[in-house]
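Just query08.cif here, mmCIF, C-alpha atoms and all ligand atoms:
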data_start
loop_
_atom_site.label_atom_id
_atom_site.label_comp_id
_atom_site.auth_asym_id
_atom_site.auth_seq_id
_atom_site.Cartn_x
_atom_site.Cartn_y
_atom_site.Cartn_z
CA MET A 1 18.67 5.48 25.60
CA ILE A 2 16.08 2.71 25.46
CA ALA A 3 15.54 0.99 22.11
CA TRP A 4 13.88 -2.11 20.69
CA GLU A 5 15.99 -4.58 18.75
CA LEU A 6 14.98 -7.40 16.47
CA GLY A 7 17.57 -10.04 17.35
CA GLY A 8 16.61 -12.86 14.99
CA GLN A 9 13.63 -14.44 13.27
CA GLY A 10 10.12 -13.78 14.59
CA ILE A 11 8.29 -11.19 16.66
CA GLU A 12 9.38 -13.05 19.81
CA THR A 13 12.99 -11.99 19.13
CA LEU A 14 12.06 -8.33 19.73
CA VAL A 15 13.72 -7.11 22.94
CA GLN A 16 13.85 -3.79 24.73
CA LEU A 17 17.35 -2.81 25.83
CA GLU A 18 19.69 0.08 26.56
CA ARG A 19 21.97 1.44 23.85
CA PRO A 20 24.44 4.35 24.00
CA ASP A 21 22.90 7.65 22.88
CA PRO A 22 23.72 8.13 19.16
CA GLU A 23 25.61 11.27 18.08
CA PRO A 24 24.89 13.29 14.95
CA HIS A 25 27.74 13.69 12.47
CA ARG A 26 28.07 16.31 9.68
CA GLY A 27 24.70 17.01 8.06
CA GLN A 28 22.81 14.93 10.63
CA VAL A 29 20.27 15.73 13.31
CA LEU A 30 19.54 14.02 16.64
CA VAL A 31 15.80 13.46 17.09
CA ARG A 32 13.92 12.42 20.22
CA VAL A 33 11.32 10.04 18.84
CA ARG A 34 7.77 10.58 20.10
CA ALA A 35 5.79 8.19 17.92
CA VAL A 36 6.41 5.29 15.54
CA SER A 37 3.98 3.57 13.17
CA LEU A 38 4.14 -0.03 12.02
CA ASN A 39 3.79 -1.32 8.47
CA TYR A 40 3.21 -4.75 7.00
CA ARG A 41 6.88 -4.55 6.00
CA ASP A 42 7.81 -4.76 9.70
CA LEU A 43 6.02 -8.12 9.91
CA ILE A 44 7.78 -9.36 6.75
CA PHE A 45 11.11 -8.22 8.16
CA ALA A 46 10.47 -9.88 11.55
CA ARG A 47 9.39 -13.08 9.79
CA SER A 48 12.43 -13.26 7.51
CA GLY A 49 14.74 -12.27 10.37
CA ALA A 50 17.52 -9.80 10.91
CA PRO A 51 21.04 -10.99 9.99
CA ALA A 52 22.35 -8.90 12.89
CA PRO A 53 20.46 -7.16 15.72
CA ILE A 54 18.77 -4.05 14.33
CA ILE A 55 16.37 -1.37 15.55
CA PRO A 56 13.24 -1.99 13.45
CA ALA A 57 10.51 0.29 12.01
CA SER A 58 10.86 2.87 9.26
CA ASP A 59 8.26 5.38 10.37
CA GLY A 60 8.68 7.89 13.15
CA ALA A 61 8.23 11.48 14.22
CA GLY A 62 9.78 13.51 17.01
CA ILE A 63 11.60 16.62 18.17
CA VAL A 64 15.02 17.83 17.06
CA VAL A 65 17.28 17.90 20.12
CA ALA A 66 20.80 18.41 18.70
CA LEU A 67 22.51 19.27 15.42
CA GLY A 68 25.63 17.85 13.81
CA PRO A 69 28.20 20.19 12.21
CA GLY A 70 26.97 22.10 9.15
CA VAL A 71 23.24 21.64 9.74
CA THR A 72 21.34 24.79 8.80
CA ARG A 73 17.79 23.67 8.03
CA TRP A 74 16.72 22.63 11.54
CA HIS A 75 16.81 23.93 15.10
CA PRO A 76 16.37 22.24 18.48
CA GLY A 77 12.65 22.06 19.24
CA ASP A 78 11.54 21.57 15.61
CA ARG A 79 8.86 18.88 15.18
CA VAL A 80 9.83 16.56 12.33
CA VAL A 81 8.92 13.36 10.53
CA ALA A 82 11.60 11.26 8.83
CA ASN A 83 11.56 9.93 5.27
CA PHE A 84 11.70 6.14 4.76
CA PHE A 85 14.85 6.39 2.58
CA GLN A 86 17.45 8.62 4.21
CA THR A 87 19.35 9.35 0.97
CA TRP A 88 16.50 9.55 -1.60
CA VAL A 89 15.80 13.25 -1.44
CA ASP A 90 14.16 13.85 -4.84
CA GLY A 91 14.05 12.65 -8.45
CA ALA A 92 13.85 9.13 -9.86
CA TRP A 93 14.48 5.92 -7.92
CA HIS A 94 17.96 4.41 -7.95
CA SER A 95 18.84 1.11 -6.30
CA ARG A 96 21.62 2.78 -4.29
CA TYR A 97 18.92 4.42 -2.12
CA GLY A 98 17.93 0.97 -0.85
CA ALA A 99 20.93 0.98 1.50
CA SER A 100 19.37 3.89 3.41
CA ALA A 101 15.98 2.32 4.25
CA LEU A 102 15.23 2.86 7.94
CA GLY A 103 14.45 -0.23 9.99
CA GLY A 104 15.76 -2.57 7.28
CA ALA A 105 19.09 -1.66 5.73
CA ILE A 106 19.95 0.57 8.69
CA ASP A 107 18.67 1.04 12.25
CA GLY A 108 15.12 2.36 12.37
CA MET A 109 12.87 4.45 14.56
CA LEU A 110 11.92 2.20 17.52
CA ALA A 111 14.24 4.01 19.91
CA GLU A 112 14.09 7.05 22.16
CA LEU A 113 16.82 8.79 20.13
CA VAL A 114 17.75 8.48 16.45
CA VAL A 115 20.24 10.19 14.17
CA LEU A 116 18.75 11.24 10.81
CA GLU A 117 19.96 13.05 7.70
CA GLU A 118 18.93 16.72 7.70
CA ASP A 119 17.68 16.41 4.10
CA ALA A 120 15.45 13.46 5.02
CA LEU A 121 13.23 15.39 7.44
CA VAL A 122 9.96 17.24 6.92
CA GLN A 123 8.27 19.62 9.35
CA ILE A 124 5.08 18.30 10.97
CA PRO A 125 2.00 20.40 10.13
CA GLU A 126 0.65 22.77 12.76
CA GLY A 127 -1.85 21.05 15.03
CA TRP A 128 -0.89 17.49 14.09
CA SER A 129 0.13 15.01 16.81
CA PHE A 130 3.38 13.04 16.59
CA GLU A 131 1.23 9.92 16.28
CA GLU A 132 -0.47 11.32 13.17
CA ALA A 133 2.83 12.43 11.61
CA ALA A 134 4.42 9.02 12.27
CA THR A 135 1.89 7.31 9.98
CA LEU A 136 3.12 9.07 6.84
CA PRO A 137 6.59 7.92 5.74
CA CYS A 138 5.93 4.43 4.38
CA ALA A 139 2.18 4.00 3.82
CA GLY A 140 1.38 7.66 3.14
CA VAL A 141 4.26 8.32 0.75
CA THR A 142 3.63 5.04 -1.08
CA ALA A 143 -0.01 5.99 -1.65
CA TRP A 144 1.05 9.47 -2.76
CA ASN A 145 3.61 8.03 -5.19
CA ALA A 146 0.95 5.65 -6.56
CA LEU A 147 -1.46 8.49 -7.35
CA TYR A 148 0.92 11.38 -8.09
CA GLY A 149 4.32 9.82 -8.92
CA ASP A 150 3.58 9.32 -12.62
CA LYS A 151 0.01 9.28 -14.00
CA VAL A 152 -1.66 11.86 -11.79
CA VAL A 153 -5.11 11.14 -10.31
CA ARG A 154 -7.76 13.53 -11.67
CA PRO A 155 -11.23 14.56 -10.52
CA GLY A 156 -13.72 12.01 -11.82
CA ASP A 157 -11.19 9.15 -12.13
CA LEU A 158 -12.07 5.79 -10.64
CA VAL A 159 -9.48 4.55 -8.13
CA VAL A 160 -9.58 0.98 -6.80
CA THR A 161 -8.06 0.20 -3.39
CA GLN A 162 -7.63 -3.26 -1.83
CA GLY A 163 -8.19 -3.98 1.87
CA THR A 164 -8.21 -1.43 4.67
CA GLY A 165 -4.56 -1.35 5.74
CA GLY A 166 -2.23 1.62 5.89
CA VAL A 167 -1.42 2.13 2.20
CA SER A 168 -4.98 1.50 1.02
CA ILE A 169 -6.61 3.91 3.46
CA PHE A 170 -4.16 6.67 2.53
CA ALA A 171 -4.84 5.97 -1.17
CA LEU A 172 -8.58 6.14 -0.52
CA GLN A 173 -8.26 9.45 1.33
CA LEU A 174 -5.94 11.02 -1.26
CA ALA A 175 -8.17 9.91 -4.12
CA VAL A 176 -11.28 11.32 -2.43
CA ALA A 177 -9.43 14.59 -1.73
CA ALA A 178 -8.54 14.74 -5.45
CA GLY A 179 -12.20 14.47 -6.43
CA ALA A 180 -11.92 10.89 -7.68
CA GLU A 181 -14.43 8.09 -7.15
CA VAL A 182 -13.15 5.24 -4.97
CA ALA A 183 -14.04 1.56 -5.12
CA ALA A 184 -12.61 -0.29 -2.13
CA THR A 185 -12.44 -3.94 -1.13
CA SER A 186 -12.14 -5.59 2.27
CA SER A 187 -12.53 -9.00 3.89
CA SER A 188 -14.90 -7.48 6.44
CA ASP A 189 -18.38 -5.95 6.09
CA HIS A 190 -17.76 -4.06 9.32
CA LYS A 191 -14.66 -2.41 7.83
CA LEU A 192 -16.49 -1.67 4.58
CA GLY A 193 -19.12 0.15 6.63
CA ALA A 194 -16.42 2.21 8.35
CA ILE A 195 -14.71 3.25 5.11
CA ALA A 196 -17.99 4.41 3.59
CA GLU A 197 -17.55 7.42 5.88
CA LEU A 198 -14.15 8.11 4.29
CA GLY A 199 -15.81 8.40 0.89
CA ALA A 200 -15.50 4.95 -0.71
CA ASN A 201 -18.81 4.79 -2.51
CA VAL A 202 -18.32 1.36 -4.14
CA ARG A 203 -17.47 -1.28 -1.54
CA VAL A 204 -16.99 -5.00 -2.16
CA ASN A 205 -16.21 -7.83 0.26
CA TYR A 206 -13.48 -9.80 -1.55
CA ARG A 207 -14.03 -12.80 0.72
CA SER A 208 -17.75 -13.26 0.05
CA THR A 209 -17.31 -12.05 -3.56
CA PRO A 210 -14.11 -13.68 -4.88
CA ASP A 211 -14.72 -12.12 -8.32
CA TRP A 212 -14.43 -8.67 -6.76
CA ALA A 213 -12.96 -7.26 -9.96
CA GLN A 214 -16.13 -7.96 -11.94
CA GLU A 215 -18.30 -6.79 -9.04
CA VAL A 216 -16.45 -3.46 -8.89
CA ARG A 217 -16.82 -3.00 -12.65
CA THR A 218 -20.54 -3.78 -12.48
CA ARG A 219 -21.27 -1.53 -9.53
CA ALA A 220 -19.10 1.36 -10.69
CA GLY A 221 -20.33 0.98 -14.25
CA ARG A 222 -16.81 1.39 -15.60
CA GLY A 223 -13.20 0.28 -15.21
CA ALA A 224 -10.57 1.85 -12.97
CA ASP A 225 -8.15 4.55 -14.06
CA HIS A 226 -5.84 3.63 -11.16
CA VAL A 227 -5.59 0.34 -9.31
CA VAL A 228 -3.56 0.63 -6.11
CA GLU A 229 -2.40 -2.99 -6.10
CA VAL A 230 -1.20 -4.08 -2.62
CA THR A 231 -1.89 -7.82 -2.85
CA GLY A 232 -0.19 -9.23 -5.96
CA GLN A 233 -3.48 -10.16 -7.64
CA LEU A 234 -2.33 -8.69 -10.91
CA ASN A 235 -4.83 -10.45 -13.20
CA ASP A 236 -7.80 -9.24 -11.14
CA SER A 237 -6.32 -5.75 -11.08
CA LEU A 238 -5.84 -5.79 -14.86
CA ARG A 239 -9.41 -6.97 -15.25
CA VAL A 240 -10.79 -4.12 -13.14
CA ALA A 241 -8.65 -1.55 -15.00
CA ALA A 242 -10.20 0.67 -17.69
CA PRO A 243 -8.63 1.08 -21.13
CA ASN A 244 -5.42 3.09 -20.57
CA GLY A 245 -5.67 2.33 -16.86
CA THR A 246 -2.65 2.07 -14.57
CA VAL A 247 -2.01 -0.75 -12.11
CA VAL A 248 0.46 0.36 -9.47
CA VAL A 249 2.27 -2.67 -8.06
CA ILE A 250 3.00 -2.04 -4.38
CA GLY A 251 2.53 -5.27 -2.40
CA THR A 252 3.32 -8.61 -3.94
CA THR A 253 2.44 -11.29 -1.40
CA LEU A 254 -0.78 -10.61 0.56
CA GLY A 255 -3.04 -12.22 -2.04
CA VAL A 256 -0.71 -14.64 -3.88
CA GLU A 257 1.73 -17.39 -2.92
CA GLY A 258 5.37 -16.29 -3.00
CA GLY A 259 4.69 -13.17 -5.05
CA MET A 260 4.36 -15.19 -8.27
CA VAL A 261 1.55 -14.79 -10.83
CA GLU A 262 0.99 -15.81 -14.43
CA VAL A 263 -0.13 -12.69 -16.23
CA ARG A 264 -2.50 -12.48 -19.20
CA LEU A 265 -0.28 -10.38 -21.43
CA ARG A 266 -3.05 -9.91 -23.96
CA GLU A 267 -5.11 -7.98 -21.43
CA ILE A 268 -2.24 -5.50 -20.96
CA ARG A 269 -1.92 -4.98 -24.71
CA GLU A 270 -5.62 -4.78 -25.49
CA LYS A 271 -6.24 -2.28 -22.71
CA CYS A 272 -3.04 -0.33 -23.39
CA ALA A 273 -2.62 -0.69 -19.62
CA THR A 274 0.38 0.55 -17.69
CA ILE A 275 1.92 -1.54 -14.92
CA ARG A 276 4.11 0.54 -12.67
CA GLY A 277 6.12 -0.45 -9.60
CA VAL A 278 6.41 1.85 -6.61
CA TYR A 279 8.95 1.66 -3.80
CA VAL A 280 7.83 4.22 -1.18
CA GLY A 281 9.29 7.55 -2.35
CA PRO A 282 11.74 10.43 -1.80
CA THR A 283 11.65 13.13 0.87
CA ALA A 284 10.19 15.52 -1.73
CA MET A 285 7.07 13.33 -1.89
CA LEU A 286 6.78 13.21 1.91
CA SER A 287 6.91 17.00 1.82
CA ASP A 288 4.25 17.19 -0.93
CA LEU A 289 2.03 14.74 0.97
CA VAL A 290 2.28 16.72 4.21
CA ARG A 291 1.42 19.96 2.41
CA ALA A 292 -1.50 18.43 0.53
CA MET A 293 -3.01 16.78 3.61
CA ALA A 294 -2.59 19.92 5.71
CA VAL A 295 -4.30 22.11 3.09
CA ALA A 296 -7.08 19.59 2.40
CA GLY A 297 -7.66 19.03 6.12
CA THR A 298 -7.21 15.28 5.61
CA ARG A 299 -5.96 13.54 8.77
CA PRO A 300 -4.40 10.07 8.97
CA VAL A 301 -6.66 7.24 10.15
CA ILE A 302 -5.15 5.78 13.32
CA ASP A 303 -6.63 2.49 14.45
CA SER A 304 -4.83 2.18 17.79
CA ILE A 305 -1.91 3.56 19.79
CA PHE A 306 0.28 1.29 21.95
CA PRO A 307 2.75 2.37 24.65
CA PHE A 308 6.50 2.01 23.95
CA ASP A 309 6.74 -0.89 26.42
CA ASN A 310 4.07 -2.84 24.49
CA VAL A 311 5.70 -2.99 21.06
CA VAL A 312 5.18 -6.76 20.83
CA ASP A 313 1.42 -6.25 21.35
CA ALA A 314 1.45 -3.67 18.54
CA TYR A 315 3.15 -6.16 16.17
CA GLN A 316 0.62 -8.82 17.14
CA ALA A 317 -2.25 -6.42 16.45
CA LEU A 318 -0.83 -5.76 12.98
CA LEU A 319 -0.53 -9.51 12.42
CA ARG A 320 -4.20 -10.07 13.42
CA ALA A 321 -5.13 -7.51 10.74
CA ASP A 322 -8.25 -6.31 12.55
CA HIS A 323 -7.08 -2.74 12.05
CA ILE A 324 -8.28 0.00 9.71
CA GLY A 325 -5.49 2.41 8.74
CA LYS A 326 -2.47 2.60 11.00
CA ILE A 327 -1.17 1.04 14.22
CA VAL A 328 1.02 3.47 16.15
CA ILE A 329 3.38 3.31 19.14
CA GLY A 330 3.57 6.40 21.33
CA ILE A 331 6.80 7.25 23.19
CA SER A 332 6.32 9.59 26.13
CA SER A 333 8.99 12.20 26.63
CA SER A 334 11.35 11.70 29.56
CA ASP A 335 12.45 15.39 29.32
N1 LIG B 1 6.23 -1.11 -2.57
C1 LIG B 1 6.24 -0.34 -1.49
O1 LIG B 1 6.92 0.68 -1.44
C2 LIG B 1 5.36 -0.67 -0.33
C3 LIG B 1 5.13 0.28 0.67
C4 LIG B 1 4.24 -0.02 1.68
C5 LIG B 1 3.61 -1.27 1.70
N2 LIG B 1 3.90 -2.18 0.75
C6 LIG B 1 3.20 -3.48 0.74
O2 LIG B 1 1.82 -3.21 0.59
C7 LIG B 1 1.06 -4.16 1.32
C8 LIG B 1 0.16 -3.44 2.33
O3 LIG B 1 0.97 -2.84 3.32
P1 LIG B 1 0.30 -2.09 4.56
O4 LIG B 1 1.40 -1.69 5.48
O5 LIG B 1 -0.66 -1.09 4.10
O6 LIG B 1 -0.47 -3.33 5.23
P2 LIG B 1 -1.43 -3.44 6.48
O7 LIG B 1 -1.69 -2.12 7.11
O8 LIG B 1 -0.89 -4.54 7.33
O9 LIG B 1 -2.79 -3.91 5.82
C9 LIG B 1 -2.98 -5.19 5.32
C10 LIG B 1 -4.43 -5.31 4.86
O10 LIG B 1 -4.45 -5.90 3.56
C11 LIG B 1 -5.73 -6.44 3.35
N3 LIG B 1 -5.59 -7.72 2.64
C12 LIG B 1 -4.97 -8.85 3.04
N4 LIG B 1 -5.12 -9.81 2.11
C13 LIG B 1 -5.86 -9.26 1.12
C14 LIG B 1 -6.37 -9.75 -0.12
N5 LIG B 1 -6.17 -10.99 -0.52
N6 LIG B 1 -7.08 -8.89 -0.89
C15 LIG B 1 -7.30 -7.61 -0.51
N7 LIG B 1 -6.85 -7.10 0.65
C16 LIG B 1 -6.14 -7.93 1.45
C17 LIG B 1 -6.40 -6.62 4.71
O11 LIG B 1 -7.48 -5.67 4.76
P3 LIG B 1 -8.98 -6.14 5.13
O12 LIG B 1 -8.89 -6.63 6.55
O13 LIG B 1 -9.80 -4.91 4.97
O14 LIG B 1 -9.35 -7.23 4.18
C18 LIG B 1 -5.27 -6.26 5.69
O15 LIG B 1 -5.75 -5.63 6.84
C19 LIG B 1 2.08 -5.11 1.95
O16 LIG B 1 2.28 -6.20 1.08
C20 LIG B 1 3.34 -4.27 2.02
O17 LIG B 1 4.50 -5.04 2.05
C21 LIG B 1 4.76 -1.92 -0.25
#
Just give me the structure as structure tokens.
Amino acid sequence: MIAWELGGQGIETLVQLERPDPEPHRGQVLVRVRAVSLNYRDLIFARSGAPAPIIPASDGAGIVVALGPGVTRWHPGDRVVANFFQTWVDGAWHSRYGASALGGAIDGMLAELVVLEEDALVQIPEGWSFEEAATLPCAGVTAWNALYGDKVVRPGDLVVTQGTGGVSIFALQLAVAAGAEVAATSSSDHKLGAIAELGANVRVNYRSTPDWAQEVRTRAGRGADHVVEVTGQLNDSLRVAAPNGTVVVIGTTLGVEGGMVEVRLREIREKCATIRGVYVGPTAMLSDLVRAMAVAGTRPVIDSIFPFDNVVDAYQALLRADHIGKIVIGISSSD
């Protein structure tokens, strides 16, 4: 099979090569990958470097082509999407699941064939493309976990999202589908215009308005019940939060140096705010997300699709950050 490997530090160490076809063992399924989506995590991983050559990317969707012994849930021909953590099926997070993160701890999805755990797969909704399904595992599940993993988003809540990348656009869409009001930020007026159509009715350019937190409060006329925090700007997020609001800490470096901030503890106490960390989520959440989006008719926002031979261009597009939503790589079937 053909696969991409990250051989060292930097996007330039990505190479396409041949690897032996993998074989499914007990409880595993062989999947022909048809689409992969990239996440900011893939840039972080490429920047920090792989200790040994590894197939990158956590997010992919494809067709079941063979079953290992004992597999009962799937059949050849089934269209599936894989969960980010192969061993976190349901329940609360435990650090042991970290060793099963695709495209990080173990080989990921940027290959024609992958072996996956049968309990880490979810059926793709009827009528969805592989490209759409491949956007869900990291960004989609993280947004779902942020809004449904603990304090559940309710109709009428105010949800704040930051920027127009994968996680934030999913959070915006899920919040709108839940009947919440969304206040979104972006560095670009053009992007803010585009996300108005997705239902973000308060929109603030954080570049031209550095005090975006105050601007959101003023324009919304209230504080946020949920802040989907993907940048590390915890003090701004606490400021925009309403009394009893929740700040969900997802990304820790986009807006701050080295992921370090001094936090005004008094603001947390006086607001009775909750600060909650999220690390993607279990297969059960991927399943809930798929069901909710299918029923609501909400489709993933795909910015662009690159061919399998142009993976480096896809990484560079993600690095430029001109995208809204997700950058996807399509893999045509050789069958
Ligand atoms: N904890 C977890 O489980 C988890 C899961 C997924 C992602 N993450 C983290 O969440 C973050 C987003 O990931 P992603 O894959 O969604 O990224 P992405 O698709 O690459 O999107 C990044 C976007 O963030 C926005 N941005 C950059 N700097 C910003 C700032 N200072 N303030 C507000 N927005 C800013 C930009 O949007 P505009 O161009 O519109 O300004 C940029 O396009 C990353 O840090 C990632 O590592 C964590």
Using all atoms listed in the file, tabulate the residues of range 130-212 of chain A lying at most 10 Å from any atom of range 290-297 of chain A, each with its closest atom pair and that distance in Å to one decimal, by chain and increasing residue number, as a Markdown table.
| residue | atom | partner | partner_atom | distance |
| --- | --- | --- | --- | --- |
| A:Ala133 | CA | A:Val290 | CA | 8.6 |
| A:Leu136 | CA | A:Val290 | CA | 8.1 |
| A:Pro137 | CA | A:Val290 | CA | 9.9 |
| A:Gly140 | CA | A:Val290 | CA | 9.2 |
| A:Val141 | CA | A:Val290 | CA | 9.3 |
| A:Trp144 | CA | A:Ala292 | CA | 9.9 |
| A:Gln173 | CA | A:Met293 | CA | 9.3 |
| A:Leu174 | CA | A:Met293 | CA | 8.1 |
| A:Ala177 | CA | A:Ala296 | CA | 6.9 |
| A:Ala178 | CA | A:Ala296 | CA | 9.3 |
Shell around range 308-321 of chain A at 12 Å using all atoms listed in the file, local window under 5 positions removed, as a PyMOL selection string
chain A and resi 2-6+10-17+33-47+56-57+109-112+163-166+186-188+191+254+303+326-333
Quick one: distance from CA of Thr298 in chain A to CA of Leu172 in chain A in Å, one decimal?
11.1 Å
For each of A:Gln9, A:Thr72, A:Thr253, A:Ser100, take the minimum atom-to-atom distance to ligand LIG 1 (chain B), counting all atoms listed in the file, then give the residue where this is smallest.
A:Thr253
Counting all atoms listed in the file, what is within 10 Å of Ala120 in chain A, bar same-chain residues fewer than 5 positions away, as a PyMOL selection string?
chain A and resi 28-29+80-90+282-284+286-287
Selection export as a PDB file, in the coordinates of the input, atoms kept: C-alpha atoms:
ATOM      1  CA  GLN A  28      22.810  14.930  10.630  1.00  0.00           C
ATOM      2  CA  VAL A  29      20.270  15.730  13.310  1.00  0.00           C
ATOM      3  CA  VAL A  80       9.830  16.560  12.330  1.00  0.00           C
ATOM      4  CA  VAL A  81       8.920  13.360  10.530  1.00  0.00           C
ATOM      5  CA  ALA A  82      11.600  11.260   8.830  1.00  0.00           C
ATOM      6  CA  ASN A  83      11.560   9.930   5.270  1.00  0.00           C
ATOM      7  CA  PHE A  84      11.700   6.140   4.760  1.00  0.00           C
ATOM      8  CA  PHE A  85      14.850   6.390   2.580  1.00  0.00           C
ATOM      9  CA  GLN A  86      17.450   8.620   4.210  1.00  0.00           C
ATOM     10  CA  THR A  87      19.350   9.350   0.970  1.00  0.00           C
ATOM     11  CA  TRP A  88      16.500   9.550  -1.600  1.00  0.00           C
ATOM     12  CA  VAL A  89      15.800  13.250  -1.440  1.00  0.00           C
ATOM     13  CA  ASP A  90      14.160  13.850  -4.840  1.00  0.00           C
ATOM     14  CA  PRO A 282      11.740  10.430  -1.800  1.00  0.00           C
ATOM     15  CA  THR A 283      11.650  13.130   0.870  1.00  0.00           C
ATOM     16  CA  ALA A 284      10.190  15.520  -1.730  1.00  0.00           C
ATOM     17  CA  LEU A 286       6.780  13.210   1.910  1.00  0.00           C
ATOM     18  CA  SER A 287       6.910  17.000   1.820  1.00  0.00           C
TER      19      SER A 287
END
For a quick check of understanding, using only C-alpha atoms, which of A:Gly98, A:Pro69, A:Gly77, A:Gly325 has the smallest distance to Leu198 in chain A?
A:Gly325
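Nearest-residue note for ligand LIG 1 (chain B): choosing from A:His226, A:His323, A:Arg19, A:Arg96, the minimum distance belongs to A:His323, counting all atoms listed in the file.
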Using CA of Gly27 in chain A and CA of His75 in chain A as the two end points, give the distance in Å to one decimal.
12.6 Å
Using all atoms listed in the file, which protein or nucleic acid residues come within 9 Å of Ile195 in chain A? Drop anything in the same chain fewer than 6 positions from it, and give the result as an MDAnalysis selection string.
chainID A and resid 164 169 172 184 201 203 324
Completed range 33-44 of chain A (N, CA, C and O atoms) as a compact mmCIF listing (two decimals), keeping the file's coordinate frame:
# COMPACT_ATOMS: atom_id res chain seq x y z
N VAL A 33 12.50 10.62 19.51
CA VAL A 33 11.32 10.04 18.84
C VAL A 33 10.13 10.07 19.80
O VAL A 33 10.23 9.72 20.97
N ARG A 34 8.99 10.52 19.28
CA ARG A 34 7.77 10.58 20.10
C ARG A 34 6.68 9.63 19.63
O ARG A 34 5.75 9.33 20.37
N ALA A 35 6.78 9.17 18.40
CA ALA A 35 5.79 8.19 17.92
C ALA A 35 6.37 7.43 16.73
O ALA A 35 7.17 7.97 15.96
N VAL A 36 5.95 6.17 16.63
CA VAL A 36 6.41 5.29 15.54
C VAL A 36 5.17 4.59 15.00
O VAL A 36 4.27 4.25 15.77
N SER A 37 5.11 4.39 13.67
CA SER A 37 3.98 3.57 13.17
C SER A 37 4.54 2.31 12.53
O SER A 37 5.66 2.28 12.03
N LEU A 38 3.73 1.25 12.59
CA LEU A 38 4.14 -0.03 12.02
C LEU A 38 3.55 -0.21 10.64
O LEU A 38 2.47 0.32 10.33
N ASN A 39 4.24 -0.98 9.82
CA ASN A 39 3.79 -1.32 8.47
C ASN A 39 3.88 -2.82 8.29
O ASN A 39 4.65 -3.49 8.98
N TYR A 40 3.15 -3.32 7.30
CA TYR A 40 3.21 -4.75 7.00
C TYR A 40 4.66 -5.19 6.78
O TYR A 40 5.05 -6.30 7.14
N ARG A 41 5.45 -4.29 6.20
CA ARG A 41 6.88 -4.55 6.00
C ARG A 41 7.57 -4.98 7.29
O ARG A 41 8.49 -5.81 7.28
N ASP A 42 7.16 -4.40 8.43
CA ASP A 42 7.81 -4.76 9.70
C ASP A 42 7.52 -6.21 10.07
O ASP A 42 8.35 -6.87 10.69
N LEU A 43 6.34 -6.70 9.69
CA LEU A 43 6.02 -8.12 9.91
C LEU A 43 6.86 -9.00 8.99
O LEU A 43 7.40 -10.03 9.41
N ILE A 44 6.98 -8.58 7.71
CA ILE A 44 7.78 -9.36 6.75
C ILE A 44 9.22 -9.44 7.26
O ILE A 44 9.85 -10.50 7.26
